file protein.csv (CSV, C-alpha atoms and all ligand atoms)
chain,number,residue,atom,x,y,z
V,1144,MET,CA,84.4,118.9,109.3
V,1145,ALA,CA,83.5,115.3,110.1
V,1146,LYS,CA,86.5,113.1,110.9
V,1147,GLN,CA,87.7,110.9,108.1
V,1148,GLN,CA,87.4,107.2,108.9
V,1149,THR,CA,90.4,105.0,108.1
V,1150,GLU,CA,88.2,102.6,106.2
V,1151,ASP,CA,87.1,105.4,103.7
V,1152,PHE,CA,90.5,105.5,102.1
V,1153,MET,CA,92.8,102.8,103.3
V,1154,ALA,CA,94.1,100.0,101.0
V,1155,MET,CA,97.5,98.6,100.2
V,1156,LYS,CA,98.7,99.2,96.7
V,1157,GLY,CA,96.8,96.9,94.4
V,1158,ALA,CA,97.4,94.5,91.5
V,1159,GLY,CA,99.7,92.4,93.7
V,1160,TYR,CA,102.2,95.3,94.2
V,1161,TYR,CA,101.8,94.9,98.0
V,1162,SER,CA,103.0,91.3,98.3
V,1163,ARG,CA,105.6,91.7,95.6
V,1164,ALA,CA,107.2,94.6,97.4
V,1165,THR,CA,106.6,93.6,101.0
V,1166,ILE,CA,108.6,90.4,101.3
V,1167,GLY,CA,109.6,91.3,104.9
V,1168,ALA,CA,106.0,91.0,106.0
V,1169,LYS,CA,105.9,87.5,104.5
V,1170,HIS,CA,109.0,86.6,106.5
V,1171,VAL,CA,107.3,87.8,109.7
V,1172,MET,CA,104.5,85.3,109.2
V,1173,ASP,CA,106.6,82.5,107.8
V,1174,ASN,CA,108.9,82.7,110.8
V,1175,ALA,CA,106.0,82.7,113.3
V,1176,ALA,CA,103.9,79.9,111.7
V,1177,GLN,CA,105.3,77.6,114.4
V,1178,LEU,CA,103.6,79.7,117.1
V,1179,ILE,CA,100.2,78.8,115.5
V,1180,LEU,CA,101.1,75.1,115.0
V,1181,ASP,CA,102.1,75.0,118.7
V,1182,ALA,CA,98.7,76.5,119.6
V,1183,LEU,CA,97.0,73.8,117.6
V,1184,ASP,CA,99.1,71.2,119.3
V,1185,ARG,CA,98.3,72.5,122.8
V,1186,GLN,CA,94.6,72.2,122.1
V,1187,PRO,CA,94.1,70.0,119.0
V,1188,PRO,CA,90.9,70.7,117.1
V,1189,ALA,CA,88.5,67.7,117.2
V,1190,ASP,CA,88.0,65.7,114.1
V,1191,ASP,CA,84.2,65.9,114.4
V,1192,GLY,CA,83.0,66.8,110.9
V,1193,SER,CA,82.1,70.4,111.8
V,1194,VAL,CA,83.4,73.3,109.7
V,1195,PHE,CA,86.8,74.6,110.7
V,1196,GLN,CA,87.0,78.3,110.1
V,1197,MET,CA,90.1,80.5,109.9
V,1198,THR,CA,90.3,84.2,109.2
V,1199,ASP,CA,93.2,86.4,108.0
V,1200,MET,CA,92.2,89.9,109.1
V,1201,GLY,CA,93.9,92.7,107.2
V,1202,CYS,CA,95.1,90.3,104.6
V,1203,ALA,CA,95.9,92.8,101.8
V,1204,ASP,CA,96.3,90.8,98.6
V,1205,GLY,CA,96.8,87.5,100.6
V,1206,GLY,CA,100.2,87.0,99.0
V,1207,THR,CA,102.3,87.5,102.1
V,1208,SER,CA,100.4,85.1,104.3
V,1209,ILE,CA,100.0,82.4,101.6
V,1210,ASP,CA,102.7,80.0,102.8
V,1211,MET,CA,101.9,80.4,106.5
V,1212,VAL,CA,98.2,79.8,105.8
V,1213,GLY,CA,99.0,76.8,103.6
V,1214,ARG,CA,101.1,75.3,106.4
V,1215,VAL,CA,98.5,75.9,109.1
V,1216,LEU,CA,95.6,74.6,107.0
V,1217,GLY,CA,97.7,71.6,105.9
V,1218,ASP,CA,98.2,70.8,109.6
V,1219,VAL,CA,94.4,71.2,110.3
V,1220,ARG,CA,93.6,69.0,107.3
V,1221,SER,CA,95.9,66.2,108.5
V,1222,ARG,CA,94.5,66.4,112.1
V,1223,CYS,CA,90.9,66.7,111.0
V,1224,PRO,CA,90.2,64.8,107.7
V,1225,SER,CA,86.5,65.0,108.3
V,1226,ARG,CA,86.2,68.7,108.6
V,1227,PRO,CA,85.4,71.1,105.8
V,1228,ILE,CA,87.7,74.1,106.0
V,1229,GLN,CA,86.4,77.7,105.6
V,1230,MET,CA,89.2,80.2,104.9
V,1231,THR,CA,87.9,83.7,105.2
V,1232,TYR,CA,90.1,86.6,104.1
V,1233,THR,CA,89.2,90.1,105.4
V,1234,ASP,CA,90.3,93.6,104.7
V,1235,LEU,CA,88.8,97.0,104.0
V,1236,PRO,CA,86.4,97.6,101.1
V,1237,LYS,CA,89.0,99.5,98.9
V,1238,THR,CA,91.3,96.5,98.9
V,1239,ASP,CA,92.0,94.9,95.5
V,1240,PHE,CA,90.2,91.6,96.3
V,1241,SER,CA,90.5,90.6,92.7
V,1242,ALA,CA,94.3,90.4,93.1
V,1243,LEU,CA,93.7,88.4,96.3
V,1244,PHE,CA,91.5,85.8,94.5
V,1245,GLN,CA,93.9,85.5,91.6
V,1246,ILE,CA,96.8,84.9,94.0
V,1247,ILE,CA,94.9,82.4,96.2
V,1248,HIS,CA,93.4,80.5,93.2
V,1249,GLY,CA,96.9,80.1,91.6
V,1250,LEU,CA,96.4,82.5,88.7
V,1251,THR,CA,99.7,84.3,89.4
V,1252,GLU,CA,103.3,83.3,89.7
V,1253,THR,CA,102.8,82.8,93.4
V,1254,GLN,CA,102.5,79.2,94.5
V,1255,SER,CA,99.2,78.7,96.3
V,1256,TYR,CA,98.1,76.0,98.8
V,1257,ALA,CA,94.4,76.2,97.6
V,1258,ALA,CA,94.5,73.3,95.2
V,1259,GLU,CA,96.4,71.1,97.6
V,1260,ILE,CA,94.0,71.1,100.5
V,1261,GLY,CA,90.7,69.1,100.0
V,1262,ASP,CA,87.3,70.2,101.1
V,1263,LEU,CA,88.5,73.8,101.4
V,1264,TYR,CA,86.3,76.9,100.8
V,1265,VAL,CA,87.9,80.2,100.3
V,1266,SER,CA,86.0,83.5,100.6
V,1267,ALA,CA,86.6,87.1,101.5
V,1268,SER,CA,84.8,89.8,103.5
V,1269,ALA,CA,85.3,93.5,103.2
V,1270,THR,CA,84.3,94.1,106.8
V,1271,SER,CA,86.6,96.0,109.1
V,1272,PHE,CA,88.3,94.1,111.9
V,1273,HIS,CA,86.9,96.8,114.2
V,1274,ARG,CA,83.5,95.0,113.7
V,1275,GLN,CA,82.4,91.5,114.0
V,1276,ILE,CA,83.3,89.7,110.7
V,1277,VAL,CA,81.9,86.2,111.1
V,1278,PRO,CA,78.9,84.9,113.0
V,1279,ALA,CA,79.2,84.4,116.8
V,1280,GLY,CA,80.8,81.1,117.9
V,1281,THR,CA,81.9,80.0,114.4
V,1282,LEU,CA,85.7,80.9,114.5
V,1283,ASP,CA,88.4,78.3,115.2
V,1284,LEU,CA,91.4,80.3,114.4
V,1285,GLY,CA,91.6,84.1,114.0
V,1286,HIS,CA,94.8,85.4,112.5
V,1287,SER,CA,96.0,88.9,111.8
V,1288,ALA,CA,99.5,90.2,111.0
V,1289,THR,CA,100.9,93.7,110.8
V,1290,ALA,CA,97.4,95.3,110.6
V,1291,SER,CA,95.9,96.0,114.1
V,1292,HIS,CA,97.9,99.2,114.4
V,1293,TYR,CA,95.3,100.8,112.0
V,1294,ILE,CA,92.9,102.7,114.3
V,1295,THR,CA,89.4,103.7,113.2
V,1296,GLU,CA,90.2,107.4,112.9
V,1297,ILE,CA,92.8,109.9,113.8
V,1298,PRO,CA,92.0,111.2,117.2
V,1299,ALA,CA,94.0,114.5,117.1
V,1300,VAL,CA,96.3,116.3,114.7
V,1301,ILE,CA,100.0,115.8,115.0
V,1302,GLU,CA,101.1,119.3,114.0
V,1303,ASP,CA,104.8,118.7,113.3
V,1304,HIS,CA,105.0,115.0,112.4
V,1305,VAL,CA,103.2,112.4,110.4
V,1306,HIS,CA,103.3,109.5,113.0
V,1307,MET,CA,102.2,109.1,116.6
V,1308,THR,CA,105.5,107.5,117.6
V,1309,ARG,CA,106.9,111.1,117.6
V,1310,ALA,CA,103.8,112.8,119.1
V,1311,THR,CA,104.0,114.1,122.7
V,1312,GLY,CA,101.7,115.4,125.4
V,1313,ASP,CA,98.0,115.5,124.9
V,1314,VAL,CA,98.2,114.5,121.3
V,1315,ARG,CA,100.2,111.4,122.2
V,1316,ALA,CA,97.8,110.6,125.0
V,1317,ALA,CA,94.8,110.9,122.5
V,1318,PHE,CA,96.4,108.4,120.1
V,1319,GLU,CA,97.2,106.0,122.9
V,1320,ALA,CA,93.7,106.3,124.3
V,1321,LYS,CA,92.2,105.6,120.8
V,1322,GLY,CA,94.6,102.7,120.4
V,1323,ALA,CA,93.5,101.2,123.7
V,1324,GLU,CA,89.8,101.7,122.9
V,1325,ASP,CA,90.1,100.1,119.4
V,1326,TRP,CA,92.3,97.3,120.7
V,1327,GLU,CA,89.9,96.3,123.5
V,1328,ASN,CA,87.0,96.4,120.9
V,1329,PHE,CA,89.1,94.3,118.5
V,1330,LEU,CA,89.5,91.7,121.1
V,1331,LEU,CA,85.9,91.8,122.1
V,1332,MET,CA,84.8,91.3,118.5
V,1333,ARG,CA,87.1,88.2,118.2
V,1334,ALA,CA,85.9,86.9,121.6
V,1335,ARG,CA,82.4,86.9,120.1
V,1336,GLU,CA,83.4,85.2,116.9
V,1337,LEU,CA,85.5,82.4,118.5
V,1338,LYS,CA,84.3,79.0,119.5
V,1339,SER,CA,85.2,77.9,122.9
V,1340,GLY,CA,88.7,76.5,122.7
V,1341,GLY,CA,89.4,78.6,119.5
V,1342,ALA,CA,92.6,80.6,119.2
V,1343,LEU,CA,93.9,84.0,118.1
V,1344,ALA,CA,97.3,84.5,116.5
V,1345,LEU,CA,98.0,88.2,116.3
V,1346,PHE,CA,101.4,89.4,115.0
V,1347,ASN,CA,101.2,93.1,115.6
V,1348,PHE,CA,103.5,96.1,114.8
V,1349,GLY,CA,104.4,97.7,118.1
V,1350,ILE,CA,107.1,99.2,120.4
V,1351,ASP,CA,109.3,96.6,122.0
V,1352,GLU,CA,111.0,96.6,125.4
V,1353,GLU,CA,113.9,98.5,124.0
V,1354,GLY,CA,111.8,101.2,122.5
V,1355,ARG,CA,112.2,100.0,118.9
V,1356,TRP,CA,109.5,100.1,116.2
V,1357,LEU,CA,109.3,99.7,112.5
V,1358,GLY,CA,112.2,101.4,110.8
V,1359,HIS,CA,113.5,102.7,114.2
V,1360,THR,CA,116.0,100.2,115.3
V,1361,GLY,CA,119.2,102.2,115.6
V,1362,GLY,CA,119.8,103.6,112.2
V,1363,VAL,CA,117.8,106.2,110.3
V,1364,THR,CA,114.2,106.5,111.6
V,1365,MET,CA,111.9,105.9,108.7
V,1366,PHE,CA,109.0,107.9,109.9
V,1367,ASP,CA,111.3,110.9,110.5
V,1368,ARG,CA,112.4,110.7,106.8
V,1369,PHE,CA,108.8,110.5,105.7
V,1370,ASN,CA,108.1,113.6,107.8
V,1371,ALA,CA,111.2,115.5,106.6
V,1372,HIS,CA,110.4,115.0,102.9
V,1373,TRP,CA,106.7,115.8,103.2
V,1374,LYS,CA,107.5,118.9,105.3
V,1375,ALA,CA,110.1,120.1,102.8
V,1376,MET,CA,107.5,119.8,100.1
V,1377,ALA,CA,105.2,122.1,102.2
V,1378,GLU,CA,108.0,124.6,102.9
V,1379,GLU,CA,108.9,124.7,99.2
V,1380,GLY,CA,105.2,125.3,98.3
V,1381,ARG,CA,104.9,122.0,96.4
V,1382,ILE,CA,102.0,121.0,98.7
V,1383,ALA,CA,100.0,123.3,101.0
V,1384,VAL,CA,100.9,123.6,104.7
V,1385,GLU,CA,97.4,122.5,105.6
V,1386,GLU,CA,98.0,119.3,103.4
V,1387,TYR,CA,101.1,118.6,105.4
V,1388,ARG,CA,99.3,119.2,108.7
V,1389,ARG,CA,96.5,116.9,107.9
V,1390,THR,CA,98.7,114.0,106.8
V,1391,ASN,CA,98.9,111.7,109.8
V,1392,PHE,CA,99.1,107.9,109.8
V,1393,PRO,CA,95.9,106.5,111.3
V,1394,GLN,CA,98.0,104.1,113.4
V,1395,VAL,CA,98.9,103.4,116.9
V,1396,TYR,CA,102.0,101.4,117.8
V,1397,ARG,CA,101.3,99.9,121.2
V,1398,THR,CA,103.8,98.7,123.8
V,1399,VAL,CA,103.7,95.1,125.1
V,1400,GLU,CA,102.0,96.3,128.2
V,1401,GLN,CA,99.3,98.1,126.1
V,1402,PHE,CA,98.7,94.9,124.1
V,1403,THR,CA,98.5,92.6,127.1
V,1404,ALA,CA,96.6,94.8,129.6
V,1405,PRO,CA,93.1,93.9,128.5
V,1406,LEU,CA,94.0,90.2,128.5
V,1407,THR,CA,95.8,90.1,131.8
V,1408,SER,CA,93.7,92.4,134.0
V,1409,PRO,CA,90.1,92.1,135.0
V,1410,GLY,CA,87.6,93.7,132.6
V,1411,ALA,CA,85.4,93.1,129.5
V,1412,VAL,CA,87.9,91.0,127.5
V,1413,GLN,CA,88.6,88.6,130.4
V,1414,ASP,CA,84.8,88.5,131.1
V,1415,ALA,CA,84.3,87.5,127.4
V,1416,GLY,CA,86.6,84.5,128.0
V,1417,LEU,CA,89.7,85.6,126.2
V,1418,GLN,CA,93.0,84.6,127.8
V,1419,LEU,CA,96.6,85.3,126.9
V,1420,GLU,CA,98.6,82.1,126.1
V,1421,HIS,CA,101.8,83.5,124.7
V,1422,VAL,CA,103.5,86.8,124.2
V,1423,GLU,CA,106.9,87.7,122.8
V,1424,THR,CA,108.6,90.5,120.7
V,1425,ARG,CA,110.9,90.0,117.8
V,1426,VAL,CA,112.9,92.2,115.4
V,1427,LEU,CA,113.3,91.0,111.8
V,1428,ARG,CA,116.0,92.5,109.7
V,1429,CYS,CA,114.9,94.5,106.6
V,1430,PRO,CA,115.5,92.1,103.7
V,1431,PHE,CA,116.5,94.9,101.4
V,1432,ALA,CA,119.1,96.4,103.8
V,1433,GLU,CA,120.4,92.9,104.5
V,1434,ALA,CA,120.7,92.1,100.8
V,1435,HIS,CA,122.5,95.5,100.3
V,1436,GLU,CA,125.0,94.6,103.1
V,1437,LYS,CA,125.7,91.3,101.4
V,1438,GLY,CA,126.5,93.2,98.2
V,1439,GLU,CA,123.5,91.9,96.3
V,1440,TYR,CA,122.8,95.3,94.6
V,1441,ASP,CA,125.0,96.7,91.9
V,1442,SER,CA,124.9,100.1,93.4
V,1443,ASP,CA,123.4,102.3,96.2
V,1444,ALA,CA,121.0,103.6,93.6
V,1445,ALA,CA,119.8,100.0,92.9
V,1446,PHE,CA,119.3,99.4,96.6
V,1447,ALA,CA,117.3,102.6,96.9
V,1448,LYS,CA,115.2,101.6,93.9
V,1449,ALA,CA,114.4,98.3,95.5
V,1450,TYR,CA,113.9,99.6,99.0
V,1451,ILE,CA,111.5,102.5,98.5
V,1452,PRO,CA,108.6,100.3,97.1
V,1453,THR,CA,108.5,98.3,100.4
V,1454,LEU,CA,107.8,101.6,102.2
V,1455,ARG,CA,105.4,102.8,99.4
V,1456,SER,CA,103.3,99.6,99.3
V,1457,TRP,CA,101.6,100.5,102.6
V,1458,SER,CA,102.2,104.2,103.2
V,1459,GLU,CA,101.1,105.7,99.9
V,1460,PRO,CA,97.3,106.0,100.7
V,1461,VAL,CA,98.1,108.2,103.8
V,1462,PHE,CA,100.1,110.7,101.7
V,1463,ALA,CA,97.5,110.6,98.9
V,1464,ALA,CA,94.7,111.2,101.5
V,1465,GLY,CA,96.6,114.3,102.7
V,1466,LEU,CA,96.1,115.7,99.2
V,1467,ALA,CA,92.4,114.9,99.0
V,1468,GLY,CA,90.5,117.4,96.8
V,1469,ARG,CA,93.2,117.7,94.1
V,1470,PRO,CA,92.8,116.0,90.7
V,1471,ALA,CA,94.0,112.4,90.7
V,1472,ALA,CA,96.8,113.1,88.2
V,1473,GLU,CA,98.2,115.8,90.5
V,1474,ILE,CA,98.0,113.6,93.5
V,1475,SER,CA,99.9,110.8,91.8
V,1476,GLN,CA,102.5,113.3,90.5
V,1477,LEU,CA,103.1,114.8,94.0
V,1478,VAL,CA,103.2,111.4,95.6
V,1479,ASP,CA,105.7,110.2,93.0
V,1480,GLU,CA,107.8,113.3,93.7
V,1481,PHE,CA,107.7,112.6,97.4
V,1482,TYR,CA,109.0,109.0,97.1
V,1483,GLY,CA,111.4,110.1,94.5
V,1484,ARG,CA,113.0,112.5,97.0
V,1485,TYR,CA,113.2,109.7,99.6
V,1486,GLU,CA,114.8,107.4,97.0
V,1487,ALA,CA,117.3,110.1,96.0
V,1488,GLU,CA,118.3,110.5,99.7
V,1489,VAL,CA,118.9,106.8,100.1
V,1490,ALA,CA,120.8,106.5,96.8
V,1491,ALA,CA,123.1,109.4,97.9
V,1492,ASP,CA,123.9,107.7,101.2
V,1493,PRO,CA,122.2,104.5,102.2
V,1494,THR,CA,123.9,104.3,105.6
V,1495,GLY,CA,121.3,103.3,108.3
V,1496,HIS,CA,118.3,103.1,106.0
V,1497,ALA,CA,116.4,99.9,106.8
V,1498,MET,CA,112.8,99.0,107.5
V,1499,ASP,CA,113.4,96.5,110.2
V,1500,TYR,CA,110.2,94.9,111.5
V,1501,VAL,CA,109.4,95.1,115.2
V,1502,HIS,CA,106.4,92.9,116.2
V,1503,CYS,CA,104.6,91.8,119.3
V,1504,TYR,CA,103.4,88.2,118.8
V,1505,LEU,CA,100.3,87.2,120.8
V,1506,ILE,CA,98.5,83.9,121.1
V,1507,CYS,CA,95.1,84.0,122.9
V,1508,ARG,CA,92.5,81.4,123.7
V,1509,LYS,CA,88.8,81.6,124.2
V,1510,VAL,CA,88.0,79.6,127.2
V,1601,LIG,C1,100.6,96.4,106.3
V,1601,LIG,S1,99.2,95.6,105.6
V,1601,LIG,C2,99.5,93.9,106.2
V,1601,LIG,C3,99.0,92.9,105.2
V,1601,LIG,C4,99.3,91.4,105.6
V,1601,LIG,N1,98.5,91.0,106.8
V,1601,LIG,C5,100.7,91.3,105.9
V,1601,LIG,O1,101.1,91.0,107.1
V,1601,LIG,O2,101.5,91.4,105.0
V,1601,LIG,C6,97.9,96.1,106.7
V,1601,LIG,C7,96.5,95.7,106.1
V,1601,LIG,O3,95.5,96.0,107.1
V,1601,LIG,C8,94.4,96.5,106.5
V,1601,LIG,N2,93.5,97.2,107.4
V,1601,LIG,C9,93.7,98.4,108.0
V,1601,LIG,N3,92.7,98.6,108.8
V,1601,LIG,C10,91.8,97.6,108.7
V,1601,LIG,C11,90.6,97.3,109.3
V,1601,LIG,N4,90.0,98.1,110.1
V,1601,LIG,N5,90.0,96.1,109.0
V,1601,LIG,C12,90.6,95.2,108.1
V,1601,LIG,N6,91.8,95.5,107.5
V,1601,LIG,C13,92.4,96.6,107.8
V,1601,LIG,C14,95.0,97.4,105.4
V,1601,LIG,O4,94.0,97.7,104.4
V,1601,LIG,C15,96.1,96.5,104.9
V,1601,LIG,O5,95.7,95.6,103.9

call {"tool": "encode", "arguments": {"input": "protein.csv", "output": "C-alpha cells"}}
result
Amino acid sequence: MAKQQTEDFMAMKGAGYYSRATIGAKHVMDNAAQLILDALDRQPPADDGSVFQMTDMGCADGGTSIDMVGRVLGDVRSRCPSRPIQMTYTDLPKTDFSALFQIIHGLTETQSYAAEIGDLYVSASATSFHRQIVPAGTLDLGHSATASHYITEIPAVIEDHVHMTRATGDVRAAFEAKGAEDWENFLLMRARELKSGGALALFNFGIDEEGRWLGHTGGVTMFDRFNAHWKAMAEEGRIAVEEYRRTNFPQVYRTVEQFTAPLTSPGAVQDAGLQLEHVETRVLRCPFAEAHEKGEYDSDAAFAKAYIPTLRSWSEPVFAAGLAGRPAAEISQLVDEFYGRYEAEVAADPTGHAMDYVHCYLICRKV
C-alpha cells in the first residue's frame, strides 16, 4: 500500500476551534515576539520602497499568531513607511482558510492588526512548507511556530505506541532520519525564498537539554495517555488492532543538536547561505493546568472539560486517520469516545496532567 502523505489528511480543527482552544501556542509566540524584533534591530530592513514579505508557515487559523504578527509588522511599518507589506499565511490544503481570513480581516471576536497597518496585503497559500512557497529571493522574514515537527510521511510503524518520542531501535532511527531529511529540506526551501539579509524565526516543538517535550515535563506524559486510551479501545474491540497499529503521529521531535546541525556544520544549508544567529529552549507552563492550580475551575471535571480540547485541537486528525475507511459518523463517534475516556481520567484525578510547551527557538539569517 502507498504510504499516506501527511498533507493528504492533516488540518487543525476548523471554524476557529484551533485558536480558541490552543491559547498556550499563542503564548509561545507572544512571549518570543521580542526575538523577532531583536533580529529586525540587528539588521534593520531598508526603507527602500520595495515589497516587504513575511510568511507564517503552518499558521492554522491564524488566530494564535495574530498579536505577534501585528507587533512585528507594526515595527516594520514604522521602520519602513515606504514599503508595501505582503503577509502570506501558509498551511496545508485541508486547513480552514475561510476561518483564517475571517479572523485576520476582523470578522470574529479576535482583535486583528490588519486594519491598523497601512499598505498591507494579506494572502494565503496552501503549499506545504516542505516545498518552496514564495518565489526565490522575495522573502524578508519567514516565520513558523509549532509546526516543523510534521514530517512528510511516517517512515516506519511504531507497533506499540502512537508517538516517536517512545519509539526505540530501528523505528526510532527511521523517524530521526526522516526528521533530519525533512528539516534540511525545509531550511533549503527557505534559503531559496529569502532575500540576502532576510531572517527566519522558527519556534519549534522539540526535546530540550533535560529531555523534556510537549506534555512530558515531570508529570503525566500526554502521549502515553493518548496511547493507553487508544490501545484500550483496541483491546476492548472498539477499534481494530490494525487501526491502533497504523495510528502514528507524522511528527518528529528533534533535539537542539538535530535542529542546529545543518546550520552549524558544513553542508548544503550553509552553502545556501543560511546561518544560525540565535538558539534557545524554553518551557511554557500549560495555561489550563496553571489556571487549575490557581483554583480557577469549579471542579476537577471543569478542568478536564477545558483541558482536553487543547489536546484535541491538533491531535484529532491523527486518530481519525487511523480509522480511515469507516463511515464519517462512526469515526466521529469513536474519536469522541476516545477523548471522552481521556477527559474522564483527568476528571477522576487531574494530578500531573498538563500540556507544558517545550520549544527550541531559532533565528537564522541568509547571508
Ligand atoms: C500545532 S499547529 C500550529 C499552528 C500555529 N503556527 C501555532 O503555533 O499556533 C501546526 C500546523 O502546522 C500545519 N502543518 C503541518 N504540516 C505542514 C506542512 N507540511 N506545511 C504547512 N503546514 C503544515 C498543520 O496543518 C497545523 O495547522

call {"tool": "closest_residue", "arguments": {"input": "protein.csv", "among": "V:Ser1456, V:Gln1245, V:Thr1289, V:Gln1229", "to": "ligand LIG 1601 (chain V)", "atoms": "only C-alpha atoms and all ligand atoms"}}
result
V:Thr1289

call {"tool": "closest_residue", "arguments": {"input": "protein.csv", "among": "V:Asp1151, V:Asp1204, V:Asp1325, V:Asp1499", "to": "Thr1364 (chain V)", "atoms": "all atoms listed in the file"}}
result
V:Asp1499

call {"tool": "residues_near_ligand", "arguments": {"input": "protein.csv", "ligand": "ligand LIG 1601 (chain V)", "cutoff": "6 Å", "atoms": "only C-alpha atoms and all ligand atoms", "output": "PyMOL selection string"}}
result
chain V and resi 1153-1155+1168-1169+1200-1203+1207+1233-1235+1271-1273+1287-1290+1293+1457

call {"tool": "atom_distance", "arguments": {"input": "protein.csv", "atom1": "CA of Gly1410 (chain V)", "atom2": "CA of Gln1394 (chain V)"}}
result
24.2 Å

call {"tool": "atom_distance", "arguments": {"input": "protein.csv", "atom1": "CA of Ile1506 (chain V)", "atom2": "CA of Asn1174 (chain V)"}}
result
14.7 Å

call {"tool": "atom_distance", "arguments": {"input": "protein.csv", "atom1": "CA of Phe1240 (chain V)", "atom2": "CA of Ala1279 (chain V)"}}
result
24.4 Å

call {"tool": "residues_around", "arguments": {"input": "protein.csv", "residues": "Ala1464 (chain V)", "least_positions_apart": "4", "cutoff": "10 Å", "atoms": "all atoms listed in the file", "output": "VMD selection string"}}
result
chain V and resid 1147 1151 to 1153 1386 1389 to 1392 1459 to 1460 1468 to 1469 1474

call {"tool": "write_last_selection", "arguments": {"input": "protein.csv", "atoms": "C-alpha atoms", "output": "compact mmCIF listing (two decimals), in the coordinates of the input"}}
result
# COMPACT_ATOMS: atom_id res chain seq x y z
CA GLN V 1147 87.70 110.90 108.10
CA ASP V 1151 87.10 105.40 103.70
CA PHE V 1152 90.50 105.50 102.10
CA MET V 1153 92.80 102.80 103.30
CA GLU V 1386 98.00 119.30 103.40
CA ARG V 1389 96.50 116.90 107.90
CA THR V 1390 98.70 114.00 106.80
CA ASN V 1391 98.90 111.70 109.80
CA PHE V 1392 99.10 107.90 109.80
CA GLU V 1459 101.10 105.70 99.90
CA PRO V 1460 97.30 106.00 100.70
CA GLY V 1468 90.50 117.40 96.80
CA ARG V 1469 93.20 117.70 94.10
CA ILE V 1474 98.00 113.60 93.50

call {"tool": "closest_residue", "arguments": {"input": "protein.csv", "among": "V:Phe1195, V:Asp1262, V:Leu1330, V:Glu1488", "to": "Ala1444 (chain V)", "atoms": "all atoms listed in the file"}}
result
V:Glu1488

call {"tool": "residues_around", "arguments": {"input": "protein.csv", "residues": "region 1372-1375 of chain V", "least_positions_apart": "5", "cutoff": "7 Å", "atoms": "only C-alpha atoms", "output": "JSON, numbers by chain"}}
result
{"V": [1387, 1481, 1484, 1485]}

call {"tool": "residues_around", "arguments": {"input": "protein.csv", "residues": "Phe1348 (chain V)", "least_positions_apart": "6", "cutoff": "9 Å", "atoms": "only C-alpha atoms", "output": "PyMOL selection string"}}
result
chain V and resi 1288-1292+1356-1357+1395-1397+1500-1504

call {"tool": "write_last_selection", "arguments": {"input": "protein.csv", "atoms": "C-alpha atoms", "output": "compact mmCIF listing (two decimals), in the frame of the given file"}}
result
# COMPACT_ATOMS: atom_id res chain seq x y z
CA ALA V 1288 99.50 90.20 111.00
CA THR V 1289 100.90 93.70 110.80
CA ALA V 1290 97.40 95.30 110.60
CA SER V 1291 95.90 96.00 114.10
CA HIS V 1292 97.90 99.20 114.40
CA TRP V 1356 109.50 100.10 116.20
CA LEU V 1357 109.30 99.70 112.50
CA VAL V 1395 98.90 103.40 116.90
CA TYR V 1396 102.00 101.40 117.80
CA ARG V 1397 101.30 99.90 121.20
CA TYR V 1500 110.20 94.90 111.50
CA VAL V 1501 109.40 95.10 115.20
CA HIS V 1502 106.40 92.90 116.20
CA CYS V 1503 104.60 91.80 119.30
CA TYR V 1504 103.40 88.20 118.80

call {"tool": "decode", "arguments": {"input": "protein.csv", "residues": "region 1406-1418 of chain V", "atoms": "N, CA and C atoms", "output": "PDB file, in the first residue's frame"}}
result
ATOM      1  N   LEU V1406      22.857  23.879  10.306  1.00  0.00           N
ATOM      2  CA  LEU V1406      23.187  25.309  10.278  1.00  0.00           C
ATOM      3  C   LEU V1406      24.606  25.576  10.763  1.00  0.00           C
ATOM      4  N   THR V1407      25.136  24.621  11.518  1.00  0.00           N
ATOM      5  CA  THR V1407      26.441  24.877  12.146  1.00  0.00           C
ATOM      6  C   THR V1407      27.563  24.011  11.574  1.00  0.00           C
ATOM      7  N   SER V1408      27.204  23.009  10.766  1.00  0.00           N
ATOM      8  CA  SER V1408      28.281  22.215  10.162  1.00  0.00           C
ATOM      9  C   SER V1408      28.239  22.375   8.646  1.00  0.00           C
ATOM     10  N   PRO V1409      29.393  22.207   8.002  1.00  0.00           N
ATOM     11  CA  PRO V1409      29.454  22.392   6.552  1.00  0.00           C
ATOM     12  C   PRO V1409      28.470  21.484   5.830  1.00  0.00           C
ATOM     13  N   GLY V1410      27.842  21.994   4.798  1.00  0.00           N
ATOM     14  CA  GLY V1410      26.881  21.194   4.035  1.00  0.00           C
ATOM     15  C   GLY V1410      25.997  22.097   3.200  1.00  0.00           C
ATOM     16  N   ALA V1411      24.917  21.507   2.666  1.00  0.00           N
ATOM     17  CA  ALA V1411      24.071  22.216   1.698  1.00  0.00           C
ATOM     18  C   ALA V1411      23.433  23.477   2.278  1.00  0.00           C
ATOM     19  N   VAL V1412      23.050  23.428   3.555  1.00  0.00           N
ATOM     20  CA  VAL V1412      22.347  24.587   4.141  1.00  0.00           C
ATOM     21  C   VAL V1412      23.310  25.766   4.295  1.00  0.00           C
ATOM     22  N   GLN V1413      24.486  25.480   4.778  1.00  0.00           N
ATOM     23  CA  GLN V1413      25.493  26.552   4.877  1.00  0.00           C
ATOM     24  C   GLN V1413      25.873  27.047   3.477  1.00  0.00           C
ATOM     25  N   ASP V1414      25.996  26.116   2.532  1.00  0.00           N
ATOM     26  CA  ASP V1414      26.331  26.527   1.153  1.00  0.00           C
ATOM     27  C   ASP V1414      25.257  27.438   0.580  1.00  0.00           C
ATOM     28  N   ALA V1415      24.010  27.220   1.038  1.00  0.00           N
ATOM     29  CA  ALA V1415      22.897  28.046   0.541  1.00  0.00           C
ATOM     30  C   ALA V1415      22.866  29.411   1.241  1.00  0.00           C
ATOM     31  N   GLY V1416      23.772  29.620   2.188  1.00  0.00           N
ATOM     32  CA  GLY V1416      23.903  30.949   2.802  1.00  0.00           C
ATOM     33  C   GLY V1416      23.134  31.138   4.097  1.00  0.00           C
ATOM     34  N   LEU V1417      22.605  30.049   4.664  1.00  0.00           N
ATOM     35  CA  LEU V1417      21.812  30.194   5.896  1.00  0.00           C
ATOM     36  C   LEU V1417      22.711  30.018   7.114  1.00  0.00           C
ATOM     37  N   GLN V1418      22.602  30.961   8.041  1.00  0.00           N
ATOM     38  CA  GLN V1418      23.433  30.902   9.248  1.00  0.00           C
ATOM     39  C   GLN V1418      22.563  30.998  10.486  1.00  0.00           C
TER      40      GLN V1418
END
